[in-house]
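Raw contents of target_7.tsv, TSV, C-alpha atoms:
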```
chain	number	residue	atom	x	y	z
A	11	ALA	CA	72.28	117.66	97.74
A	12	ASP	CA	70.70	118.50	94.36
A	13	MET	CA	71.94	115.22	92.94
A	14	CYS	CA	70.60	113.28	95.90
A	15	LEU	CA	67.22	114.95	95.42
A	16	ARG	CA	67.14	113.63	91.86
A	17	MET	CA	68.33	110.23	93.01
A	18	ALA	CA	65.48	110.12	95.54
A	19	ILE	CA	62.96	110.75	92.75
A	20	TYR	CA	64.51	108.47	90.11
A	21	PHE	CA	65.36	105.58	92.48
A	22	PRO	CA	62.64	105.59	95.17
A	23	GLY	CA	62.41	101.83	95.55
A	24	LYS	CA	63.37	99.80	98.61
A	25	ASP	CA	65.18	97.09	96.66
A	26	TYR	CA	68.96	96.69	96.70
A	27	GLU	CA	69.60	98.26	93.29
A	28	ASP	CA	67.75	101.51	94.04
A	29	ARG	CA	69.20	101.73	97.54
A	30	HIS	CA	72.73	101.07	96.28
A	31	ALA	CA	72.39	103.72	93.54
A	32	ARG	CA	71.17	106.36	95.99
A	33	GLU	CA	73.76	105.64	98.63
A	34	THR	CA	76.63	105.50	96.14
A	35	ILE	CA	75.98	109.03	94.89
A	36	MET	CA	75.58	110.29	98.46
A	37	ARG	CA	78.78	108.53	99.52
A	38	TYR	CA	80.78	109.96	96.62
A	39	GLY	CA	79.54	113.47	97.39
A	40	ILE	CA	80.51	113.24	101.07
A	41	LEU	CA	83.79	111.58	100.08
A	42	SER	CA	84.59	114.55	97.85
A	43	LEU	CA	84.06	116.88	100.80
A	44	ALA	CA	86.27	114.78	103.06
A	45	LEU	CA	89.01	114.66	100.42
A	46	LEU	CA	88.75	118.43	100.01
A	47	PHE	CA	89.55	118.84	103.71
A	48	GLN	CA	92.46	116.43	103.31
A	49	ASP	CA	93.82	118.21	100.22
A	50	ALA	CA	93.49	121.58	101.98
A	51	LYS	CA	95.35	120.37	105.07
A	52	LYS	CA	98.35	119.42	102.94
A	53	VAL	CA	98.89	123.07	102.02
A	54	ASP	CA	100.33	123.97	105.45
A	55	ILE	CA	102.15	120.71	106.15
A	56	TRP	CA	105.90	120.60	105.58
A	57	LYS	CA	107.09	117.68	107.72
A	58	LYS	CA	106.31	114.01	107.33
A	59	ARG	CA	105.71	113.59	111.06
A	60	GLN	CA	103.16	116.37	110.98
A	61	ALA	CA	101.52	114.82	107.92
A	62	ARG	CA	101.20	111.46	109.69
A	63	GLY	CA	99.65	113.18	112.68
A	64	CYS	CA	97.04	114.91	110.50
A	65	GLY	CA	96.30	111.70	108.58
A	66	VAL	CA	96.86	113.12	105.10
A	67	LEU	CA	99.33	110.51	103.87
A	68	ASN	CA	96.77	107.74	103.39
A	69	LEU	CA	93.05	107.11	103.07
A	70	ASP	CA	92.67	104.61	105.89
A	71	HIS	CA	90.45	106.86	107.99
A	72	LEU	CA	88.04	107.25	105.06
A	73	GLN	CA	87.86	103.48	104.70
A	74	ARG	CA	87.11	103.17	108.41
A	75	ASP	CA	84.30	105.71	108.00
A	76	LYS	CA	82.98	103.60	105.09
A	77	LEU	CA	83.29	106.48	102.65
A	78	LEU	CA	85.79	104.60	100.52
A	79	THR	CA	86.30	100.99	99.51
A	80	SER	CA	89.70	99.36	99.26
A	81	ARG	CA	89.48	99.23	95.46
A	82	GLU	CA	88.53	102.91	95.26
A	83	ALA	CA	91.39	103.78	97.59
A	84	ALA	CA	93.78	101.91	95.29
A	85	LEU	CA	92.45	103.84	92.30
A	86	LEU	CA	93.09	107.14	94.08
A	87	HIS	CA	96.62	106.19	95.10
A	88	ASN	CA	99.15	108.84	93.93
A	89	VAL	CA	96.40	110.79	92.17
A	90	PRO	CA	96.57	114.57	92.72
A	91	ALA	CA	93.51	116.60	93.66
A	92	LYS	CA	91.65	113.51	94.85
A	93	SER	CA	88.59	115.54	95.86
A	94	GLN	CA	87.93	116.38	92.21
A	95	MET	CA	88.22	112.79	91.02
A	96	CYS	CA	85.02	111.80	92.82
A	97	TRP	CA	83.03	113.92	90.38
A	98	VAL	CA	84.60	112.05	87.47
A	99	TRP	CA	83.29	108.84	89.04
A	100	ILE	CA	79.84	110.36	89.51
A	101	SER	CA	79.70	111.58	85.89
A	102	SER	CA	80.87	108.21	84.58
A	103	LEU	CA	78.34	106.37	86.76
A	104	PHE	CA	75.47	108.48	85.44
A	105	THR	CA	76.67	107.83	81.89
A	106	LYS	CA	76.58	104.10	82.61
A	107	TRP	CA	73.04	104.34	83.99
A	108	CYS	CA	71.94	106.27	80.90
A	109	LEU	CA	73.37	103.61	78.60
A	110	ASP	CA	71.85	100.83	80.74
A	111	GLY	CA	68.41	102.42	80.47
A	112	ARG	CA	67.98	103.10	84.18
A	113	LEU	CA	67.06	106.80	83.92
A	114	PRO	CA	64.17	108.67	82.30
A	115	ASP	CA	65.21	111.16	79.61
A	116	PRO	CA	68.80	109.85	79.67
A	117	LEU	CA	70.32	112.55	77.48
A	118	GLY	CA	68.70	115.38	79.42
A	119	ASN	CA	69.65	113.81	82.75
A	120	GLN	CA	73.22	113.22	81.68
A	121	ASN	CA	73.60	116.87	80.65
A	122	SER	CA	72.14	118.02	83.97
A	123	MET	CA	74.34	115.72	86.02
A	124	LEU	CA	77.43	116.69	84.04
A	125	GLN	CA	76.63	120.33	84.74
A	126	TYR	CA	76.30	119.60	88.47
A	127	SER	CA	79.62	117.73	88.41
A	128	GLU	CA	81.38	120.50	86.53
A	129	GLU	CA	80.11	123.15	88.95
A	130	ALA	CA	81.19	121.08	91.96
A	131	ARG	CA	84.61	120.37	90.48
A	132	ASN	CA	85.10	124.04	89.57
A	133	ALA	CA	84.18	125.08	93.12
A	134	ILE	CA	86.70	122.64	94.59
A	135	SER	CA	89.37	123.78	92.13
A	136	THR	CA	88.73	127.43	93.06
A	137	ILE	CA	89.04	126.69	96.78
A	138	LEU	CA	92.31	124.79	96.34
A	139	ALA	CA	93.67	127.49	94.02
A	140	GLN	CA	92.99	130.17	96.62
A	141	LEU	CA	94.60	128.10	99.36
A	142	THR	CA	97.71	127.21	97.39
A	143	MET	CA	98.21	130.66	95.84
A	144	GLN	CA	100.82	132.29	98.03
A	145	PHE	CA	100.23	135.91	99.02
A	146	PRO	CA	103.06	138.01	97.46
A	147	LEU	CA	105.94	138.12	99.92
A	148	SER	CA	106.70	141.75	99.16
A	149	TYR	CA	103.20	142.74	100.26
A	150	SER	CA	103.41	140.59	103.38
A	151	TYR	CA	106.77	142.06	104.36
A	152	LEU	CA	105.49	145.59	103.67
A	153	ILE	CA	102.42	145.15	105.89
A	154	VAL	CA	104.45	143.59	108.71
A	155	PHE	CA	107.13	146.29	108.38
A	156	PHE	CA	104.65	149.16	108.71
A	157	CYS	CA	102.97	147.47	111.68
A	158	LYS	CA	106.34	147.18	113.43
A	159	VAL	CA	107.21	150.79	112.54
A	160	TYR	CA	103.90	151.95	113.99
A	161	MET	CA	104.51	150.01	117.21
A	162	GLY	CA	108.03	151.42	117.49
A	163	THR	CA	106.76	154.94	116.90
A	164	LEU	CA	104.24	154.55	119.70
A	165	ALA	CA	106.98	153.30	122.03
A	166	VAL	CA	109.26	156.23	121.20
A	167	GLU	CA	106.41	158.73	121.60
A	168	ALA	CA	105.42	157.29	124.98
A	169	GLY	CA	109.06	157.30	126.11
A	170	VAL	CA	109.63	160.89	125.06
A	171	THR	CA	106.44	161.99	126.84
A	172	ALA	CA	107.41	160.18	130.03
A	173	GLY	CA	111.00	161.47	129.89
A	174	SER	CA	110.03	165.07	129.32
A	175	SER	CA	107.55	164.90	132.19
A	176	LEU	CA	110.24	163.63	134.56
A	177	LEU	CA	112.83	166.22	133.46
A	178	GLN	CA	110.45	169.15	133.72
A	179	GLY	CA	109.01	167.97	136.99
A	180	GLN	CA	105.50	168.63	135.76
A	181	THR	CA	103.77	165.33	135.02
A	182	ASN	CA	100.73	165.49	132.79
A	183	TYR	CA	99.07	162.31	133.93
A	184	ALA	CA	96.26	162.48	131.37
A	185	THR	CA	98.68	162.61	128.43
A	186	LEU	CA	101.01	160.05	129.97
A	187	LEU	CA	98.26	157.54	130.69
A	188	THR	CA	96.84	158.02	127.19
A	189	LYS	CA	100.23	157.29	125.60
A	190	CYS	CA	100.76	154.24	127.80
A	191	PHE	CA	97.31	152.94	127.01
A	192	ALA	CA	97.88	153.35	123.25
A	193	LEU	CA	101.29	151.71	123.60
A	194	THR	CA	99.72	148.71	125.33
A	195	VAL	CA	96.57	148.23	123.25
A	196	SER	CA	97.69	149.12	119.70
A	197	PRO	CA	100.47	146.48	119.40
A	198	ILE	CA	98.08	143.83	120.71
A	199	VAL	CA	95.42	144.80	118.14
A	200	TYR	CA	97.80	144.96	115.17
A	201	GLN	CA	99.65	141.80	116.13
A	202	GLY	CA	96.29	140.09	116.57
A	203	LEU	CA	95.22	141.17	113.09
A	204	LEU	CA	98.40	139.72	111.61
A	205	GLU	CA	97.82	136.46	113.47
A	206	LEU	CA	94.15	136.43	112.44
A	207	LYS	CA	95.10	136.76	108.78
A	208	GLU	CA	97.27	133.65	109.07
A	209	ARG	CA	94.59	131.68	110.89
A	210	VAL	CA	91.76	132.43	108.43
A	211	SER	CA	93.95	131.85	105.37
A	212	ASN	CA	93.14	128.12	105.58
A	213	PRO	CA	89.98	127.24	107.54
A	214	PHE	CA	90.25	123.51	106.73
A	215	ARG	CA	92.85	122.65	109.37
A	216	ASN	CA	92.28	120.99	112.75
A	217	ASN	CA	92.34	124.14	114.86
A	218	MET	CA	89.46	125.02	117.14
A	219	GLN	CA	88.30	127.94	114.96
A	220	ASP	CA	88.39	125.99	111.68
A	221	TYR	CA	85.54	124.30	109.81
A	222	SER	CA	84.31	121.00	111.18
A	223	LEU	CA	84.27	118.13	108.69
A	224	LYS	CA	82.14	116.02	111.02
A	225	MET	CA	79.48	118.73	111.13
A	226	PHE	CA	79.38	118.99	107.32
A	227	HIS	CA	79.38	115.21	107.03
A	228	ALA	CA	76.50	114.77	109.49
A	229	ARG	CA	74.43	117.58	107.96
A	230	LEU	CA	74.78	116.31	104.39
A	231	ARG	CA	74.11	112.69	105.34
A	232	ASN	CA	71.03	113.60	107.37
A	233	GLU	CA	69.73	115.89	104.64
A	234	CYS	CA	70.20	113.34	101.85
A	235	THR	CA	68.84	110.49	103.96
A	236	GLY	CA	65.75	112.61	104.59
A	237	PHE	CA	65.31	113.03	100.83
A	238	PHE	CA	65.49	109.27	100.31
A	239	LYS	CA	63.04	108.50	103.11
A	240	CYS	CA	60.47	111.05	101.93
A	241	ALA	CA	60.72	109.79	98.35
A	242	MET	CA	60.17	106.17	99.41
A	243	GLU	CA	57.03	107.04	101.40
A	244	PRO	CA	55.33	110.11	99.89
A	245	PRO	CA	51.99	111.25	101.38
A	246	TYR	CA	49.90	110.03	98.44
A	247	THR	CA	50.79	106.38	98.97
A	248	THR	CA	48.17	104.10	100.50
A	249	PRO	CA	48.22	100.57	101.92
A	250	GLU	CA	46.58	99.43	98.70
A	251	ASP	CA	49.11	101.29	96.51
A	252	PRO	CA	52.29	101.72	98.59
A	253	GLU	CA	54.68	102.25	95.67
A	254	PRO	CA	55.85	105.84	94.99
A	255	SER	CA	55.49	107.21	91.48
A	256	ARG	CA	58.48	107.07	89.20
A	257	LEU	CA	59.08	107.90	85.57
A	258	PRO	CA	59.74	104.88	83.35
A	259	PRO	CA	63.41	104.49	82.45
A	260	GLN	CA	64.42	104.85	78.82
A	261	PHE	CA	67.28	103.85	76.58
A	262	ILE	CA	69.22	106.40	74.59
A	263	GLU	CA	67.98	106.65	71.02
A	264	ARG	CA	70.77	105.90	68.61
A	265	GLN	CA	70.78	107.05	65.01
A	266	VAL	CA	72.67	104.86	62.56
A	267	ASN	CA	74.25	106.48	59.51
A	268	THR	CA	73.88	103.94	56.70
A	269	ALA	CA	76.53	105.73	54.65
A	270	MET	CA	79.14	104.23	56.98
A	271	TYR	CA	78.37	100.71	55.76
A	272	ASP	CA	78.86	99.12	52.36
A	273	PHE	CA	75.87	96.78	52.01
A	274	ASP	CA	76.91	95.64	48.53
A	275	VAL	CA	79.69	93.55	50.05
A	276	TYR	CA	77.10	91.32	51.68
```
Can you give me the file's structure in the form of structure tokens?
Amino acid sequence: ADMCLRMAIYFPGKDYEDRHARETIMRYGILSLALLFQDAKKVDIWKKRQARGCGVLNLDHLQRDKLLTSREAALLHNVPAKSQMCWVWISSLFTKWCLDGRLPDPLGNQNSMLQYSEEARNAISTILAQLTMQFPLSYSYLIVFFCKVYMGTLAVEAGVTAGSSLLQGQTNYATLLTKCFALTVSPIVYQGLLELKERVSNPFRNNMQDYSLKMFHARLRNECTGFFKCAMEPPYTTPEDPEPSRLPPQFIERQVNTAMYDFDVY
């Protein structure tokens, strides 16, 4: 969104070049998010049939959503961590615009955009690292073991209480009902916590409680499109002067070291 805000200010025109520049950066940003969901879904997929059902084996659905062109899909073929590669494209595109003289303060803008790209890539890398880093099996087994021991202990305790009441012929209904209630509720709670830990370990799947890619997609697109629209028609424009203000683009200043050349040869 920060990049799209800058794009709205630097490319506020209604011509094809400005519109294409704005929409390309927005598309690459949303594409990175969609690819992050796809990379995250692969973590819990072990069968090819399941992978085909989740649509993580190809990029056809992204082409249908017009987030990816056929040439871009070919460039991403067999590339790992595809969601991070979009930020390489964005950084390279801004470098091209700086060299073409399409941005004001090209060096400053390139540094800012590279910083944005690095932060976004690092965030994606951190998310994928957390998803792919397996929780130590010894800890998992230990937690599950103690939960099962606790449930078994409750069952034995409730059984002993019920048995002693029957043998003695004096039933303490308050104690017996309390033990039965704990025996019923506690396993459900602890088993639910174990199941909850597995469900929240990867919130990028297609389950009902997981994150919604469509919601993120719609929110980002609407937000960025709003930036572009407001930049094209700011309040200070008038029918006599309808063009929004924009800083003049500049070329990068190059310093030539004459010591590199031998002028005596010529």
Q.
If we count only C-alpha atoms and set the cut-off at 7 Å, which residues sit around Gln94 (chain A), ignoring sequence neighbours fewer than 3 positions away in its own chain? Please answer as a VMD selection string.
A. chain A and resid 42 91 97 131 134
Please write the residues from the selection above to a file, keeping C-alpha atoms, as a PDB file, keeping the file's coordinate frame.
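Generated output (selection_21.pdb):
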```pdb
ATOM      1  CA  SER A  42      84.590 114.550  97.850  1.00  0.00           C
ATOM      2  CA  ALA A  91      93.510 116.600  93.660  1.00  0.00           C
ATOM      3  CA  TRP A  97      83.030 113.920  90.380  1.00  0.00           C
ATOM      4  CA  ARG A 131      84.610 120.370  90.480  1.00  0.00           C
ATOM      5  CA  ILE A 134      86.700 122.640  94.590  1.00  0.00           C
TER       6      ILE A 134
END
```
Students should find that CA of Ser102 (chain A) and CA of Asn88 (chain A) are spaced 20.5 Å
List the neighbours of Cys96 (chain A) out to 8 Å using all atoms listed in the file; skip same-chain residues closer than 2 positions along the sequence, and give me the result as a list in words.
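My list of contacting residues is Tyr38, Gly39, Leu41, Ser42, Lys92, Ser93, Gln94, Val98, Trp99 and Ile100 of chain A.
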- Contacts of Ser101 (chain A) within 9 Å, all atoms listed in the file, excl. fewer than 5 positions in-chain, as a PyMOL selection string: chain A and resi 96+106+120+123-124+127
Using all atoms listed in the file, which residues of region 171-194 of chain A come within 10 Å of region 138-161 of chain A, and what is the closest atom pair for each, with the distance in Å to one decimal? Give it as a Markdown table, sorted by chain and residue number.
```
| residue | atom | partner | partner_atom | distance |
| --- | --- | --- | --- | --- |
| A:Ala192 | CA | A:Met161 | CA | 9.6 |
| A:Leu193 | CA | A:Met161 | CA | 7.4 |
| A:Thr194 | CA | A:Met161 | CA | 9.5 |
```
Mind dumping the selected residues with C-alpha atoms as a CSV table (one decimal), keeping the file's coordinate frame?
```csv
chain,number,residue,atom,x,y,z
A,192,ALA,CA,97.9,153.4,123.2
A,193,LEU,CA,101.3,151.7,123.6
A,194,THR,CA,99.7,148.7,125.3
```
- How many Å separate CA of Leu230 (chain A) from CA of Pro259 (chain A)?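 Those two atoms sit 27.4 Å apart.
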Give as a PyMOL selection string the set of residues within 12 Å of the point (70.5, 106.7, 78.8), where distances use the file's coordinates and all atoms listed in the file. chain A and resi 102-121+258-264
Size and centre in Å, one decimal, axis-aligned box, all listed region 214-226 of chain A atoms plus 4 Å per side, as JSON:
```
{"center_x": 86.1, "center_y": 122.0, "center_z": 111.9, "size_x": 21.5, "size_y": 19.9, "size_z": 18.4}
```
| query | Looking at only C-alpha atoms, which of A:Leu257, A:Leu78, A:Met95, A:Val66 is the one that sits closest to Val53 (chain A)? | reply |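 Smallest distance to Val53 (chain A) is found for A:Val66.
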re CA of Ala228 (chain A) and CA of Ile19 (chain A): distance 21.9 Å
Spatial neighbours of Tyr221 (chain A), max dist 12 Å, only C-alpha atoms, sep filter under 3 positions, as a list in words
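The residues that qualify are Leu43, Ala44, Leu46, Phe47, Ala50, Lys51, Arg209, Val210, Asn212, Pro213, Phe214, Arg215, Asn216, Asn217, Met218, Lys224, Met225, Phe226 and His227 of chain A.
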Coordinate excerpt as an mmCIF file, in the first residue's frame: region 124-137 of chain A, C-alpha atoms:
```cif
data_model
loop_
_atom_site.group_PDB
_atom_site.id
_atom_site.type_symbol
_atom_site.label_atom_id
_atom_site.label_comp_id
_atom_site.auth_asym_id
_atom_site.auth_seq_id
_atom_site.Cartn_x
_atom_site.Cartn_y
_atom_site.Cartn_z
ATOM 1 C CA LEU A 124 14.451 -1.142 -2.254
ATOM 2 C CA GLN A 125 13.875 -0.758 1.473
ATOM 3 C CA TYR A 126 10.140 -1.422 1.016
ATOM 4 C CA SER A 127 10.937 -4.491 -1.092
ATOM 5 C CA GLU A 128 13.450 -5.815 1.416
ATOM 6 C CA GLU A 129 11.010 -5.404 4.300
ATOM 7 C CA ALA A 130 8.234 -7.158 2.366
ATOM 8 C CA ARG A 131 10.522 -9.998 1.307
ATOM 9 C CA ASN A 132 11.828 -10.414 4.857
ATOM 10 C CA ALA A 133 8.267 -10.556 6.199
ATOM 11 C CA ILE A 134 7.327 -13.254 3.678
ATOM 12 C CA SER A 135 10.501 -15.199 4.456
ATOM 13 C CA THR A 136 9.747 -15.029 8.192
ATOM 14 C CA ILE A 137 6.193 -16.314 7.685
#
```
